[in-house]
file query-v1.json (JSON, C-alpha atoms)
[["chain", "number", "residue", "atom", "x", "y", "z"],
["A", 262, "MET", "CA", 39.16, 6.32, 28.11],
["A", 263, "LYS", "CA", 35.83, 7.59, 26.88],
["A", 264, "ILE", "CA", 35.06, 11.11, 25.74],
["A", 265, "ASN", "CA", 31.54, 12.34, 25.07],
["A", 266, "ILE", "CA", 30.87, 15.58, 23.25],
["A", 267, "GLU", "CA", 27.39, 17.06, 23.19],
["A", 268, "ILE", "CA", 26.50, 19.71, 20.67],
["A", 269, "ASP", "CA", 23.26, 21.60, 21.10],
["A", 270, "ILE", "CA", 22.44, 22.92, 17.64],
["A", 271, "SER", "CA", 19.28, 23.31, 15.60],
["A", 272, "PRO", "CA", 18.96, 21.70, 12.16],
["A", 273, "GLU", "CA", 18.98, 25.17, 10.59],
["A", 274, "GLU", "CA", 22.26, 26.09, 12.32],
["A", 275, "LEU", "CA", 23.84, 22.78, 11.28],
["A", 276, "ARG", "CA", 22.74, 23.29, 7.68],
["A", 277, "ARG", "CA", 24.32, 26.76, 7.60],
["A", 278, "PHE", "CA", 27.49, 25.48, 9.32],
["A", 279, "LEU", "CA", 27.91, 22.72, 6.72],
["A", 280, "GLY", "CA", 27.19, 25.14, 3.87],
["A", 281, "LEU", "CA", 24.13, 23.28, 2.61],
["A", 282, "PRO", "CA", 21.58, 25.22, 0.55],
["A", 283, "ASP", "CA", 18.32, 26.39, 2.08],
["A", 284, "VAL", "CA", 15.59, 24.35, 0.38],
["A", 285, "THR", "CA", 12.70, 25.50, 2.57],
["A", 286, "ALA", "CA", 11.07, 27.53, -0.21],
["A", 287, "ILE", "CA", 11.30, 24.62, -2.66],
["A", 288, "GLN", "CA", 9.81, 22.23, -0.09],
["A", 289, "GLN", "CA", 6.92, 24.61, 0.56],
["A", 290, "GLU", "CA", 6.19, 24.99, -3.16],
["A", 291, "LEU", "CA", 6.32, 21.22, -3.62],
["A", 292, "MET", "CA", 3.97, 20.61, -0.69],
["A", 293, "GLU", "CA", 1.51, 23.20, -2.03],
["A", 294, "GLU", "CA", 1.56, 21.53, -5.46],
["A", 295, "ILE", "CA", 0.98, 18.09, -3.90],
["A", 296, "ARG", "CA", -1.83, 19.49, -1.73],
["A", 297, "LYS", "CA", -3.45, 21.08, -4.81],
["A", 298, "ARG", "CA", -3.24, 17.85, -6.82],
["A", 299, "VAL", "CA", -4.72, 15.81, -3.96],
["A", 300, "THR", "CA", -7.65, 18.19, -3.47],
["A", 301, "ASP", "CA", -8.26, 18.34, -7.24],
["A", 302, "GLY", "CA", -8.13, 14.55, -7.43],
["A", 303, "VAL", "CA", -10.78, 14.15, -4.75],
["A", 304, "THR", "CA", -13.47, 15.53, -7.05],
["A", 305, "ASP", "CA", -12.52, 13.13, -9.86],
["A", 306, "TYR", "CA", -12.13, 10.11, -7.59],
["A", 307, "ASP", "CA", -13.35, 6.88, -9.19],
["A", 308, "PRO", "CA", -12.63, 3.70, -7.21],
["A", 309, "VAL", "CA", -13.12, 1.47, -10.27],
["A", 310, "LYS", "CA", -10.43, 3.33, -12.20],
["A", 311, "LEU", "CA", -8.19, 3.13, -9.15],
["A", 312, "MET", "CA", -8.43, -0.67, -9.06],
["A", 313, "GLU", "CA", -8.32, -1.33, -12.84],
["A", 314, "PRO", "CA", -4.54, -1.82, -13.02],
["A", 315, "PHE", "CA", -4.73, -4.49, -10.32],
["A", 316, "LEU", "CA", -7.47, -6.53, -11.97],
["A", 317, "THR", "CA", -6.61, -8.68, -14.95],
["A", 318, "GLY", "CA", -9.62, -8.87, -17.18],
["A", 319, "ASN", "CA", -12.78, -8.26, -15.23],
["A", 320, "LEU", "CA", -14.35, -9.54, -12.05],
["A", 321, "LYS", "CA", -15.60, -12.66, -13.85],
["A", 322, "SER", "CA", -12.13, -14.18, -13.55],
["A", 323, "PHE", "CA", -12.28, -13.65, -9.78],
["A", 324, "GLU", "CA", -15.75, -15.20, -9.62],
["A", 325, "THR", "CA", -14.52, -18.18, -11.64],
["A", 326, "MET", "CA", -11.61, -18.67, -9.26],
["A", 327, "GLN", "CA", -13.93, -18.35, -6.27],
["A", 328, "ASN", "CA", -16.36, -20.92, -7.70],
["A", 329, "LEU", "CA", -13.49, -23.32, -8.40],
["A", 330, "PHE", "CA", -12.29, -22.91, -4.82],
["A", 331, "TRP", "CA", -15.75, -23.60, -3.35],
["A", 332, "LYS", "CA", -16.27, -26.59, -5.64],
["A", 333, "SER", "CA", -12.94, -28.11, -4.60],
["A", 334, "MET", "CA", -13.78, -27.56, -0.93],
["A", 335, "LYS", "CA", -17.16, -29.29, -1.40],
["A", 336, "ASP", "CA", -15.46, -32.17, -3.22],
["A", 337, "VAL", "CA", -12.97, -32.60, -0.37],
["A", 338, "GLY", "CA", -15.81, -32.51, 2.16],
["A", 339, "SER", "CA", -17.85, -35.12, 0.28],
["A", 340, "LYS", "CA", -14.83, -37.41, -0.22],
["A", 341, "SER", "CA", -13.95, -37.32, 3.46],
["A", 342, "GLY", "CA", -17.56, -38.17, 4.28],
["A", 343, "ASP", "CA", -17.46, -41.12, 1.83],
["A", 344, "SER", "CA", -14.27, -42.47, 3.35],
["A", 345, "ASP", "CA", -15.91, -42.57, 6.78],
["A", 346, "LYS", "CA", -18.76, -44.66, 5.37],
["A", 347, "GLU", "CA", -16.35, -47.21, 3.89],
["A", 348, "LYS", "CA", -14.64, -47.82, 7.23],
["A", 349, "PRO", "CA", -16.12, -50.66, 9.38]]
call {"tool": "encode", "arguments": {"input": "query-v1.json", "output": "structure tokens"}}
result
Amino acid sequence: MKINIEIDISPEELRRFLGLPDVTAIQQELMEEIRKRVTDGVTDYDPVKLMEPFLTGNLKSFETMQNLFWKSMKDVGSKSGDSDKEKP
């Protein structure tokens, strides 16, 4: 036996039925504060400051890593070319 019950109720009616507090005013105040902070932050936006926590040291360390990577790739390429020459 299967019984299905459908209840057509709005979220507001369900909230009142369950006795939950109305937090609409608090949500609106919070959203206004967030909106204000975002619009204020747009004028002071600095991408370098945004990325500083993610970079250890400065960009030189990244360049060093990149150069090491390219050097190792060149070394692998030249070694594979040398091994072909040694084969009869």
call {"tool": "axis_aligned_box", "arguments": {"input": "query-v1.json", "around": "stretch 274-286 of chain A", "padding_each_side": "6 Å", "output": "lines of an AutoDock Vina configuration file"}}
result
center_x = 19.5
center_y = 25.1
center_z = 6.1
size_x = 28.8
size_y = 16.8
size_z = 24.5
call {"tool": "atom_distance", "arguments": {"input": "query-v1.json", "atom1": "atom CA of A:Thr285", "atom2": "atom CA of A:Glu273"}}
result
10.2 Å
call {"tool": "atom_distance", "arguments": {"input": "query-v1.json", "atom1": "atom CA of A:Glu324", "atom2": "atom CA of A:Asp336"}}
result
18.1 Å
